[in-house]
Structures are given as C-alpha cells and as structure tokens.
Amino acid sequence: MADLRAYGALIGGQFRSIASYRVSFLVEMSSNAMTTALDITTVLVLFGANRSVAGFSLAEALLVASLSSLGFALADMLVGNVDHLKTYVRSGLMDVILVRPLGSLWQLLCMDLPFRKALRVVLALVVLGVAIHLNDVDWTPGRVALLVLSPLAGLVFFGAIFVLSASLAFWWVDSGELGSAFTYGGRDFTSYPVPVYAGWFRAVFAYALGFGFVAYQPALALLGRTDPLGLPAWAGYLSPLVALVAAVVAALVWRAGVRHYRSTGS
Amino acid sequence: MTVIEMHDLKKDFTVRVRAGRFRRRKRTVAAVDGIDLTVDRGEMVGYIGPNGAGKSTTLKMLTGILTPSAGTVRVCGLTPVPQRTRLARRIGVVFGQRSQLWWDLPLHESFTLLRHIYRVPAADHAARLARCRSLLDLDDFLDTPVRQLSLGQRMRGEITAALLHGPDVLFLDEPTIGLDVVSKQAVRGFLAELGQGGDVTLMLTTHDLADIERLCRRLVVIDHGHVVHDGTIEALHARYGSRRRLVADLDAPLPASFTLAGASLVASEADGHRVSFTLESTTAAEAVAALMASASVRDLSLVEPDIEDVVARLYASPGDTS
Ligand SMILES: Nc1ncnc2c1ncn2[C@@H]1O[C@H](COP(=O)(O)OP(=O)(O)O)[C@@H](O)[C@H]1O
Ligand SMILES: [Mg+2]
C-alpha cells in the first residue's frame, strides 16, 4: 500500500482543519463524552432493573453489550461519517474526490474523520474491561485472540453496514434517515443476547444478516456457555468471517454506486 | 498524437417530474447525445454552448466522474471510469463552481497535501509551485485559509492545485465565472503561457467568449448534446457569414446613389458623417481605396467580427448548420 502515506496526509489535513476551530472542537468533544456516559447509564439501569435477561446474568449481558458497543464505537469513529455522502454528492465534493488518484471510499473517510468520537472508543474499552472482570473467563490462547478479534470484526461489520446504508445516496440522494435507522437499529439489536428475540425477526437479523455473530456468539465462546439456540461453540469464532463477507458485499455495492453516480447538474 | 477521443458518446439522465399532485413521471434527458471528437496533444479547445447544452456532463465523462450511457471515450489512452485512478495522475481538473482546496487550511497546506496525494517528487513539486507562484501572484495569500480568499484568489489557487502533479491534459469548467477583470486577465494570461509550451492539452468551457478569443484556436460549439460547430474561430465567421466592417468618418454625407463594390452599407450615423460597410467580396484595401477616391475621409477603422454575435446567431438556429 504505497498510498498509505497519502491517506495519512489526508488524515493530518483533516485533523488540522478541525483544530483550526479549537473552541468548537473542545465543546463537541465534551458533549460527546456526556452522551456516551448517558448511553452507559442506560445499559446499567436496564440490566439493573431485571437481574437476568433471557437466562443471561447481568455480567454476561454486559459482555455482549460491551463487545457490541466497542465494535460500533470503532466503526462509528472510522467509518460512520460515510453517511455524509448525501451532502458530498450535493456539494460536489464527490466530484473532486473522483478526480484524485486514490480510492473514493478511503478518501472520503480520511477527509471526514471525527476525532471527537475517540472518547467513545475509550469509554467502550473501559466498559469491556469491567465486563471481562465481572465474568469468570477461563482464558485460553483462542479466547485471548477472540477477545482482540471480535471488536475488530465488529468494526468491519458495522463499517460495512455504514457503507451499505450510505451507498443508498448514489441511487437516491434523498434517502434521508432510512440508512441510519438500519445502522443504529443494528447496533441496538447486537447489544442484547439473541434469545431475547424470537421468530422470523430473530432468523433474519441474527443469522441471515449476521448481526448475531457480532457480539452474542463471540461472548458465548468467551464465557464457554452453550448456545441455548443450539449453534456449536465454534460459531463464536465465525465473527471475522461474517465481517469479511459483509465487507465484500459493501465494497461491491459502493463500487456499483460510484458507477451509478450522477453528480449534480450545475 | 491523439489525447482525447470521444466516439458517439452519450449520457442520459432519468429525472422524475411532477405530474399532478402526487404522481411523478420519469423523463429521460439526453444531456450528451452522440458526440464525436478527437483532440490532439497540445491543442487548446474552447468548448462552448448555451446553459444545459451538456458541456459539464462531457467533461465529467472525460474525467471519470460519470459513466457514459453509450459510446466510447478515451483520454491519454485510458478509459476514464474503469481506469479512473491511473487517469487522475495524467489530468488536472478545475471546476469553477467546486473547490478542491482544503477550506479551513492555509492555501499552501492544500498544495502540500496534493503533493502527497499524487506522490509528486519534492523537487518537481517545488519547481511547479514556484512557477505558479510567480505567474499567478500567489505569494500574498499563501498563508491565508482558503475560506478567507476572494473568488479570484481562490481560482488562482485552484488552477495551481490542478497543475502541481504535471498533468498532460487540463480540463477547466468555467474557470473565469464570477471573476473580477483583473483576475480574469491573470487566469487567461497564465493559461495562454501554459498552452504555449505545446505539451499540455487544454479543454475549457466558458461563458466568456473573450477567454476563447484569447486562448483557443479551436472552438467546439455544442447545443442539446450535439456538436454544432468544430473548427477555428475564422471558420466559424466564414461559415456564418460574419464579415469585417469598415467604419469611416466623413467630412460630408455620401450621395444617396453611392455604392461600394463588394460591400454594403449597413449603418449611417451622425447625419451621414459616419458610415459602416460590411466587406463581402472585396478586400479591405480595395474598399478603402474606392471610398477615398469618391469621398473626403477624415478617419477610418476596420472592425473585426464579434464572436458573441456569431455564437448568439448560432444558438438561435443550431439546426440549419449541418
Ligand atoms: N446530475 C444530473 N441529474 C439530472 N440531470 C442532469 C444532471 N446533470 C446535468 N443534467 C442535465 O443535463 C443537461 C446538461 O447539463 P450540463 O452538462 O450541466 O450543461 P452545461 O454544463 O452545458 O450547462 C441539462 O439539461 C441538465 O439539467
Ligand atoms: Mg456547466
């Protein structure tokens, strides 16, 4: 990847752009910290009220929630702003990106990296640490690897979802909030153990669309619990594979979207 | 050597138009409707046409932004959309209405970022930047954040940004739109100098025909997505019958019976003290001699045909041209 330096330069440019508005950067950073703190309180309150959810203890459920939230926080920081695509199509920035010798998606991400969301990642890491501490995990090399890999797989998986929903704007600039409903809905789905859901809804979201493999299955594998829904223990290790499939689909859709891009009449 | 090649190039847009209160109907707009054009290395082509003629759409297909609906297009031997990133290194693009600069950073930082994006060797970058700095007078505002630049300053920055990687072809979409007179002159002068080298191929769209007269030997006029004229400015005049005019100030009005062979009287002003003839089948020298022989002439001037008039006539009746 000889282009790595180029992307690095873009990220540096983005950082200096943001830093040129120092005050608003600090304000946003702290308001972001507030929302994150609120999110965590919601989770605690929810699980605090009913000590066990669908046969999962508070500590176990917290592990599922924290794996999901770390993956999502990473994706939200690194890929989340791809949903500004609508604005970039309208403003013409997409045209400018397309006449440069770099990949269009990577450029877009590097040029609009929200550094202020880093705080969310840190907080998600802390919660994951607490969840690990509360559970009595029997550590094996495989489980250590899984602990590292699943948040990264979560990043890739949610990143793919972000890209897929943003790509709608290539066909339909007025796609509105349809895409983000899917993204944030996906995050909420993965925050809870899958047995909480039932019927076709569970079949579609957990298995067909793969959301069950983001946090729930890896958490089971970490805890050494058998899946009440009957998937084998190694299903937890499938998360990187599921994420990879999602990434390939997202890349193909993005590519098709760029081919279909209409720019704007000006 | 051919640098740009379009063959039966088309681009359709499907637009939804309101039909009644809730219903919407699909309609297809043929923005570019079968363009055949080749441009050789070093040419400077003026690409003009009325609003909505398809100029920007053509440039977007040439630069790999839009996928053609039909036909073929090659630039520098590459097919723009599939080979977009390779092509990007060979071309420079300036959109009058879009900015490729980093809005919040000082201008010089945009140039540095572009050096990394295009992976330009530091020495080449420095040499090209130095040339642009002196020819486009950038020094006064290199440290100013782009958002604080005037339009004219920004456009000079945009042109520099498009040239720092040493492109073979430069596409400019309305580079002088909205500029003040001084900036327009600076931009034109710079582009003229750039074209003189003969290495860079230049294709520009504009509404200001003075840009074309100053810069482009070749003029391509399009309307409704079709090419309606392709040739030199002189050929355009010849084809549309625009003639030079001879304007004379006289001591006394001409007699009513006066005629000038090969020319016709088109205006008589100041009680006949100023007359204008269009030169049809005579040379300026013959007409001047004939006029001087039969009238007392105080002053004479020869007026070149006005491209604005020709183009205005062309837009009014593009159908009867081919
Ligand atoms: N993104 C687009 N979506 C729909 N119609 C478009 C789009 N871009 C251009 N058009 C239409 O295509 C035609 C040509 O537009 P354009 O190439 O921008 O013209 P010009 O640059 O010559 O003024 C116009 O009718 C315009 O409305
Ligand atoms: Mg245009």
# chains A, B, ... in the order shown; residues from 1 in each chain; ligands from 1
$ residues_near_ligand --ligand "ligand 2" --cutoff "8 Å" --atoms "only C-alpha atoms and all ligand atoms" --output "PyMOL selection string"
(chain A and resi 265-266) or (chain B and resi 51-52+54-57+173-174+205)
$ write_last_selection --atoms "C-alpha atoms" --output "JSON list (two decimals), in the first residue's frame"
[["chain", "number", "residue", "atom", "x", "y", "z"],
["A", 265, "GLY", "CA", -26.27, 19.45, -12.77],
["A", 266, "SER", "CA", -24.60, 22.80, -12.25],
["B", 51, "ASN", "CA", -26.71, 26.63, -20.49],
["B", 52, "GLY", "CA", -27.65, 22.98, -20.25],
["B", 54, "GLY", "CA", -24.04, 19.27, -21.98],
["B", 55, "LYS", "CA", -20.61, 20.85, -21.51],
["B", 56, "SER", "CA", -20.10, 19.90, -17.88],
["B", 57, "THR", "CA", -21.55, 16.45, -18.47],
["B", 173, "ASP", "CA", -15.13, 24.07, -16.43],
["B", 174, "GLU", "CA", -15.94, 27.77, -16.36],
["B", 205, "THR", "CA", -15.77, 25.62, -21.13]]
$ interface_residues --of "chain B" --to "chain A" --cutoff "9 Å" --atoms "only C-alpha atoms" --output "PyMOL selection string"
chain B and resi 13+52+56-57+60+63-67+81+84-89+91-93+95+97-100+102-105+109-110+112-119
$ select_by_dssp --residues "stretch 1-221 of chain B" --states "strand (DSSP E or B)" --output "ChimeraX atom specification"
/B:2-18,24-40,44-48,70-75,78,91-95,106,145,169-173,201-205,218-221
$ closest_residue --among "B:Leu163, B:Ile4, B:Val221, B:Val288" --to "ligand 1" --atoms "only C-alpha atoms and all ligand atoms"
B:Val221
$ atom_distance --atom1 "atom CA of B:Ile159" --atom2 "atom CA of B:Val94"
6.3 Å
$ residues_around --residues "A:Arg143" --least-positions-apart "2" --cutoff "12 Å" --atoms "only C-alpha atoms" --output "PDB file with all heavy atoms, in the first residue's frame"
ATOM      1  N   ILE A 132     -15.338  -7.965  31.387  1.00  0.00           N
ATOM      2  CA  ILE A 132     -14.412  -9.096  31.467  1.00  0.00           C
ATOM      3  C   ILE A 132     -14.110  -9.415  32.930  1.00  0.00           C
ATOM      4  O   ILE A 132     -14.075 -10.562  33.363  1.00  0.00           O
ATOM      5  CB  ILE A 132     -13.082  -8.742  30.740  1.00  0.00           C
ATOM      6  CG1 ILE A 132     -13.312  -8.566  29.247  1.00  0.00           C
ATOM      7  CG2 ILE A 132     -12.023  -9.796  31.001  1.00  0.00           C
ATOM      8  CD1 ILE A 132     -13.605  -9.827  28.513  1.00  0.00           C
ATOM      9  N   VAL A 137     -13.792 -15.632  33.169  1.00  0.00           N
ATOM     10  CA  VAL A 137     -13.430 -16.245  31.890  1.00  0.00           C
ATOM     11  C   VAL A 137     -12.262 -17.204  32.082  1.00  0.00           C
ATOM     12  O   VAL A 137     -11.289 -16.874  32.760  1.00  0.00           O
ATOM     13  CB  VAL A 137     -13.057 -15.172  30.841  1.00  0.00           C
ATOM     14  CG1 VAL A 137     -12.656 -15.825  29.516  1.00  0.00           C
ATOM     15  CG2 VAL A 137     -14.220 -14.226  30.634  1.00  0.00           C
ATOM     16  N   ASP A 138     -12.407 -18.393  31.481  1.00  0.00           N
ATOM     17  CA  ASP A 138     -11.334 -19.387  31.529  1.00  0.00           C
ATOM     18  C   ASP A 138     -10.422 -19.137  30.320  1.00  0.00           C
ATOM     19  O   ASP A 138     -10.711 -19.586  29.216  1.00  0.00           O
ATOM     20  CB  ASP A 138     -11.975 -20.781  31.485  1.00  0.00           C
ATOM     21  CG  ASP A 138     -10.931 -21.874  31.462  1.00  0.00           C
ATOM     22  OD1 ASP A 138      -9.750 -21.578  31.763  1.00  0.00           O
ATOM     23  OD2 ASP A 138     -11.295 -23.018  31.129  1.00  0.00           O
ATOM     24  N   TRP A 139      -9.337 -18.395  30.535  1.00  0.00           N
ATOM     25  CA  TRP A 139      -8.546 -17.905  29.401  1.00  0.00           C
ATOM     26  C   TRP A 139      -7.750 -19.000  28.707  1.00  0.00           C
ATOM     27  O   TRP A 139      -7.039 -19.754  29.343  1.00  0.00           O
ATOM     28  CB  TRP A 139      -7.601 -16.781  29.838  1.00  0.00           C
ATOM     29  CG  TRP A 139      -8.362 -15.537  30.183  1.00  0.00           C
ATOM     30  CD1 TRP A 139      -8.568 -15.022  31.428  1.00  0.00           C
ATOM     31  CD2 TRP A 139      -9.050 -14.683  29.272  1.00  0.00           C
ATOM     32  NE1 TRP A 139      -9.351 -13.891  31.366  1.00  0.00           N
ATOM     33  CE2 TRP A 139      -9.664 -13.658  30.050  1.00  0.00           C
ATOM     34  CE3 TRP A 139      -9.238 -14.674  27.891  1.00  0.00           C
ATOM     35  CZ2 TRP A 139     -10.432 -12.645  29.481  1.00  0.00           C
ATOM     36  CZ3 TRP A 139     -10.000 -13.668  27.333  1.00  0.00           C
ATOM     37  CH2 TRP A 139     -10.577 -12.669  28.131  1.00  0.00           C
ATOM     38  N   THR A 140      -7.907 -19.079  27.407  1.00  0.00           N
ATOM     39  CA  THR A 140      -7.078 -19.943  26.555  1.00  0.00           C
ATOM     40  C   THR A 140      -6.531 -19.030  25.471  1.00  0.00           C
ATOM     41  O   THR A 140      -7.061 -17.928  25.270  1.00  0.00           O
ATOM     42  CB  THR A 140      -7.929 -21.041  25.887  1.00  0.00           C
ATOM     43  OG1 THR A 140      -8.895 -20.391  25.036  1.00  0.00           O
ATOM     44  CG2 THR A 140      -8.646 -21.912  26.900  1.00  0.00           C
ATOM     45  N   PRO A 141      -5.471 -19.460  24.757  1.00  0.00           N
ATOM     46  CA  PRO A 141      -4.960 -18.599  23.669  1.00  0.00           C
ATOM     47  C   PRO A 141      -6.066 -18.250  22.675  1.00  0.00           C
ATOM     48  O   PRO A 141      -6.149 -17.121  22.194  1.00  0.00           O
ATOM     49  CB  PRO A 141      -3.883 -19.464  23.015  1.00  0.00           C
ATOM     50  CG  PRO A 141      -3.448 -20.415  24.067  1.00  0.00           C
ATOM     51  CD  PRO A 141      -4.647 -20.667  24.943  1.00  0.00           C
ATOM     52  N   ALA A 145      -7.294 -14.454  21.640  1.00  0.00           N
ATOM     53  CA  ALA A 145      -7.351 -13.989  20.247  1.00  0.00           C
ATOM     54  C   ALA A 145      -8.763 -13.508  19.912  1.00  0.00           C
ATOM     55  O   ALA A 145      -8.961 -12.477  19.260  1.00  0.00           O
ATOM     56  CB  ALA A 145      -6.944 -15.105  19.303  1.00  0.00           C
ATOM     57  N   LEU A 146      -9.752 -14.255  20.405  1.00  0.00           N
ATOM     58  CA  LEU A 146     -11.141 -13.895  20.116  1.00  0.00           C
ATOM     59  C   LEU A 146     -11.493 -12.533  20.714  1.00  0.00           C
ATOM     60  O   LEU A 146     -12.173 -11.720  20.088  1.00  0.00           O
ATOM     61  CB  LEU A 146     -12.069 -14.976  20.677  1.00  0.00           C
ATOM     62  CG  LEU A 146     -13.541 -14.842  20.303  1.00  0.00           C
ATOM     63  CD1 LEU A 146     -13.713 -14.916  18.793  1.00  0.00           C
ATOM     64  CD2 LEU A 146     -14.372 -15.926  20.986  1.00  0.00           C
ATOM     65  N   LEU A 147     -10.980 -12.296  21.926  1.00  0.00           N
ATOM     66  CA  LEU A 147     -11.271 -11.019  22.583  1.00  0.00           C
ATOM     67  C   LEU A 147     -10.729  -9.850  21.762  1.00  0.00           C
ATOM     68  O   LEU A 147     -11.340  -8.791  21.688  1.00  0.00           O
ATOM     69  CB  LEU A 147     -10.657 -11.001  23.987  1.00  0.00           C
ATOM     70  CG  LEU A 147     -10.907  -9.722  24.784  1.00  0.00           C
ATOM     71  CD1 LEU A 147     -12.387  -9.571  25.104  1.00  0.00           C
ATOM     72  CD2 LEU A 147     -10.074  -9.695  26.054  1.00  0.00           C
ATOM     73  N   VAL A 148      -9.568 -10.058  21.145  1.00  0.00           N
ATOM     74  CA  VAL A 148      -8.974  -8.996  20.321  1.00  0.00           C
ATOM     75  C   VAL A 148      -9.705  -8.894  18.982  1.00  0.00           C
ATOM     76  O   VAL A 148      -9.994  -7.802  18.490  1.00  0.00           O
ATOM     77  CB  VAL A 148      -7.471  -9.260  20.087  1.00  0.00           C
ATOM     78  CG1 VAL A 148      -6.881  -8.221  19.141  1.00  0.00           C
ATOM     79  CG2 VAL A 148      -6.738  -9.265  21.419  1.00  0.00           C
ATOM     80  N   LEU A 149     -10.015 -10.068  18.421  1.00  0.00           N
ATOM     81  CA  LEU A 149     -10.567 -10.082  17.062  1.00  0.00           C
ATOM     82  C   LEU A 149     -12.023  -9.626  16.994  1.00  0.00           C
ATOM     83  O   LEU A 149     -12.411  -8.976  16.022  1.00  0.00           O
ATOM     84  CB  LEU A 149     -10.447 -11.484  16.451  1.00  0.00           C
ATOM     85  CG  LEU A 149      -9.109 -11.807  15.808  1.00  0.00           C
ATOM     86  CD1 LEU A 149      -9.125 -13.214  15.227  1.00  0.00           C
ATOM     87  CD2 LEU A 149      -8.789 -10.794  14.703  1.00  0.00           C
ATOM     88  N   SER A 150     -12.822  -9.982  18.010  1.00  0.00           N
ATOM     89  CA  SER A 150     -14.252  -9.667  17.818  1.00  0.00           C
ATOM     90  C   SER A 150     -14.568  -8.180  17.750  1.00  0.00           C
ATOM     91  O   SER A 150     -15.397  -7.804  16.931  1.00  0.00           O
ATOM     92  CB  SER A 150     -15.182 -10.350  18.815  1.00  0.00           C
ATOM     93  OG  SER A 150     -14.559 -11.070  19.750  1.00  0.00           O
ATOM     94  N   PRO A 218     -19.588 -14.479  19.874  1.00  0.00           N
ATOM     95  CA  PRO A 218     -18.260 -14.387  20.495  1.00  0.00           C
ATOM     96  C   PRO A 218     -18.334 -14.359  22.023  1.00  0.00           C
ATOM     97  O   PRO A 218     -17.485 -14.953  22.694  1.00  0.00           O
ATOM     98  CB  PRO A 218     -17.707 -13.063  19.952  1.00  0.00           C
ATOM     99  CG  PRO A 218     -18.439 -12.815  18.695  1.00  0.00           C
ATOM    100  CD  PRO A 218     -19.800 -13.410  18.879  1.00  0.00           C
ATOM    101  N   ALA A 219     -19.350 -13.699  22.566  1.00  0.00           N
ATOM    102  CA  ALA A 219     -19.467 -13.639  24.029  1.00  0.00           C
ATOM    103  C   ALA A 219     -19.687 -15.043  24.585  1.00  0.00           C
ATOM    104  O   ALA A 219     -19.077 -15.428  25.595  1.00  0.00           O
ATOM    105  CB  ALA A 219     -20.612 -12.703  24.425  1.00  0.00           C
ATOM    106  N   LEU A 220     -20.543 -15.828  23.924  1.00  0.00           N
ATOM    107  CA  LEU A 220     -20.767 -17.211  24.364  1.00  0.00           C
ATOM    108  C   LEU A 220     -19.463 -17.987  24.364  1.00  0.00           C
ATOM    109  O   LEU A 220     -19.155 -18.724  25.295  1.00  0.00           O
ATOM    110  CB  LEU A 220     -21.762 -17.909  23.427  1.00  0.00           C
ATOM    111  CG  LEU A 220     -23.233 -17.531  23.539  1.00  0.00           C
ATOM    112  CD1 LEU A 220     -24.045 -18.345  22.542  1.00  0.00           C
ATOM    113  CD2 LEU A 220     -23.742 -17.759  24.956  1.00  0.00           C
ATOM    114  N   ALA A 221     -18.685 -17.821  23.302  1.00  0.00           N
ATOM    115  CA  ALA A 221     -17.427 -18.558  23.182  1.00  0.00           C
ATOM    116  C   ALA A 221     -16.451 -18.124  24.269  1.00  0.00           C
ATOM    117  O   ALA A 221     -15.715 -18.948  24.820  1.00  0.00           O
ATOM    118  CB  ALA A 221     -16.831 -18.347  21.799  1.00  0.00           C
ATOM    119  N   LEU A 222     -16.428 -16.839  24.594  1.00  0.00           N
ATOM    120  CA  LEU A 222     -15.539 -16.350  25.646  1.00  0.00           C
ATOM    121  C   LEU A 222     -15.943 -16.933  26.993  1.00  0.00           C
ATOM    122  O   LEU A 222     -15.111 -17.312  27.814  1.00  0.00           O
ATOM    123  CB  LEU A 222     -15.584 -14.818  25.714  1.00  0.00           C
ATOM    124  CG  LEU A 222     -14.796 -14.047  24.653  1.00  0.00           C
ATOM    125  CD1 LEU A 222     -15.075 -12.551  24.788  1.00  0.00           C
ATOM    126  CD2 LEU A 222     -13.307 -14.324  24.801  1.00  0.00           C
ATOM    127  N   LEU A 223     -17.279 -17.004  27.214  1.00  0.00           N
ATOM    128  CA  LEU A 223     -17.774 -17.467  28.508  1.00  0.00           C
ATOM    129  C   LEU A 223     -17.765 -18.985  28.602  1.00  0.00           C
ATOM    130  O   LEU A 223     -17.919 -19.542  29.692  1.00  0.00           O
ATOM    131  CB  LEU A 223     -19.213 -16.960  28.714  1.00  0.00           C
ATOM    132  CG  LEU A 223     -19.382 -15.443  28.815  1.00  0.00           C
ATOM    133  CD1 LEU A 223     -20.840 -15.051  28.722  1.00  0.00           C
ATOM    134  CD2 LEU A 223     -18.757 -14.942  30.105  1.00  0.00           C
ATOM    135  N   GLY A 224     -17.632 -19.672  27.450  1.00  0.00           N
ATOM    136  CA  GLY A 224     -17.693 -21.129  27.440  1.00  0.00           C
ATOM    137  C   GLY A 224     -19.105 -21.635  27.704  1.00  0.00           C
ATOM    138  O   GLY A 224     -19.297 -22.733  28.209  1.00  0.00           O
ATOM    139  N   ALA A 233     -20.086 -24.385  19.661  1.00  0.00           N
ATOM    140  CA  ALA A 233     -19.214 -23.435  20.368  1.00  0.00           C
ATOM    141  C   ALA A 233     -18.352 -22.627  19.401  1.00  0.00           C
ATOM    142  O   ALA A 233     -18.071 -21.455  19.646  1.00  0.00           O
ATOM    143  CB  ALA A 233     -18.329 -24.177  21.358  1.00  0.00           C
ATOM    144  N   TRP A 234     -17.912 -23.262  18.305  1.00  0.00           N
ATOM    145  CA  TRP A 234     -17.006 -22.534  17.401  1.00  0.00           C
ATOM    146  C   TRP A 234     -17.707 -21.433  16.609  1.00  0.00           C
ATOM    147  O   TRP A 234     -17.076 -20.665  15.895  1.00  0.00           O
ATOM    148  CB  TRP A 234     -16.278 -23.490  16.461  1.00  0.00           C
ATOM    149  CG  TRP A 234     -17.136 -24.501  15.739  1.00  0.00           C
ATOM    150  CD1 TRP A 234     -17.326 -25.791  16.095  1.00  0.00           C
ATOM    151  CD2 TRP A 234     -17.912 -24.288  14.552  1.00  0.00           C
ATOM    152  NE1 TRP A 234     -18.172 -26.419  15.221  1.00  0.00           N
ATOM    153  CE2 TRP A 234     -18.548 -25.520  14.268  1.00  0.00           C
ATOM    154  CE3 TRP A 234     -18.145 -23.203  13.716  1.00  0.00           C
ATOM    155  CZ2 TRP A 234     -19.411 -25.675  13.172  1.00  0.00           C
ATOM    156  CZ3 TRP A 234     -18.994 -23.366  12.626  1.00  0.00           C
ATOM    157  CH2 TRP A 234     -19.619 -24.586  12.366  1.00  0.00           C
ATOM    158  N   GLY A 236     -18.746 -18.807  17.614  1.00  0.00           N
ATOM    159  CA  GLY A 236     -18.224 -17.518  18.073  1.00  0.00           C
ATOM    160  C   GLY A 236     -17.017 -17.069  17.271  1.00  0.00           C
ATOM    161  O   GLY A 236     -16.773 -15.868  17.105  1.00  0.00           O
ATOM    162  N   TYR A 237     -16.286 -18.072  16.757  1.00  0.00           N
ATOM    163  CA  TYR A 237     -15.067 -17.729  16.013  1.00  0.00           C
ATOM    164  C   TYR A 237     -15.365 -17.370  14.555  1.00  0.00           C
ATOM    165  O   TYR A 237     -14.466 -17.066  13.792  1.00  0.00           O
ATOM    166  CB  TYR A 237     -14.069 -18.882  16.095  1.00  0.00           C
ATOM    167  CG  TYR A 237     -13.519 -19.068  17.485  1.00  0.00           C
ATOM    168  CD1 TYR A 237     -14.210 -19.828  18.433  1.00  0.00           C
ATOM    169  CD2 TYR A 237     -12.331 -18.457  17.874  1.00  0.00           C
ATOM    170  CE1 TYR A 237     -13.731 -19.971  19.720  1.00  0.00           C
ATOM    171  CE2 TYR A 237     -11.842 -18.600  19.151  1.00  0.00           C
ATOM    172  CZ  TYR A 237     -12.550 -19.361  20.073  1.00  0.00           C
ATOM    173  OH  TYR A 237     -12.062 -19.492  21.352  1.00  0.00           O
TER     174      TYR A 237
END
$ residues_around --residues "stretch 66-81 of chain A" --least-positions-apart "4" --cutoff "7 Å" --atoms "only C-alpha atoms" --output "list in words"
Leu62, Leu109, Asp112, Leu113, Pro114, Lys117, Ala118, Arg120, Val121, Ala124, Leu125, Val127, Leu128, Pro151, Leu152, Gly154, Leu155, Val156, Phe158, Gly159, Phe162, Arg187, Thr190, Ser191, Val214 and Ala215 of chain A
$ select_by_dssp --residues "stretch 80-320 of chain B" --states "alpha helix (DSSP H)" --output "ChimeraX atom specification"
/B:84-90,107-118,122-136,151-163,181-196,209-215,233-239,284-294,307-316
$ residues_around --residues "A:Ala208" --least-positions-apart "5" --cutoff "12 Å" --atoms "only C-alpha atoms" --output "list of chain:residue names"
A:Trp200, A:Phe201, A:Arg202, A:Ala203, A:Phe213, A:Val242, A:Val245, A:Ala246
$ residues_around --residues "A:Ser52" --least-positions-apart "6" --cutoff "12 Å" --atoms "only C-alpha atoms" --output "list in words"
Leu46, Leu58, Ala59, Glu60, Ala61, Leu62, Tyr192, Pro193 and Val196 of chain A
$ write_last_selection --atoms "C-alpha atoms" --output "short mmCIF file (atom, residue, chain, number, x, y, z; two decimals), in the first residue's frame"
data_model
loop_
_atom_site.label_atom_id
_atom_site.label_comp_id
_atom_site.auth_asym_id
_atom_site.auth_seq_id
_atom_site.Cartn_x
_atom_site.Cartn_y
_atom_site.Cartn_z
CA LEU A 46 -31.81 -1.52 32.08
CA LEU A 58 -26.20 -9.01 34.28
CA ALA A 59 -22.46 -9.63 33.89
CA GLU A 60 -22.92 -11.87 30.86
CA ALA A 61 -25.32 -9.48 29.21
CA LEU A 62 -22.87 -6.66 29.87
CA TYR A 192 -28.71 -7.88 23.69
CA PRO A 193 -28.38 -11.66 23.77
CA VAL A 196 -34.26 -12.07 23.69
#
$ closest_residue --among "B:Val181, B:Ala162, B:Leu204, B:Leu37" --to "ligand 1" --atoms "only C-alpha atoms and all ligand atoms"
B:Leu204
$ atom_distance --atom1 "atom CA of A:Ala65" --atom2 "atom CA of A:Gly230"
20.8 Å
$ residues_around --residues "B:His108" --least-positions-apart "4" --cutoff "12 Å" --atoms "only C-alpha atoms" --output "PyMOL selection string"
(chain A and resi 13) or (chain B and resi 101-104+112-115+126+129-130+133+138-146+154+157-158+160-161+164)
$ closest_residue --among "A:Phe205, A:Phe170, A:Phe182, A:Trp106" --to "ligand 1" --atoms "only C-alpha atoms and all ligand atoms"
A:Phe170
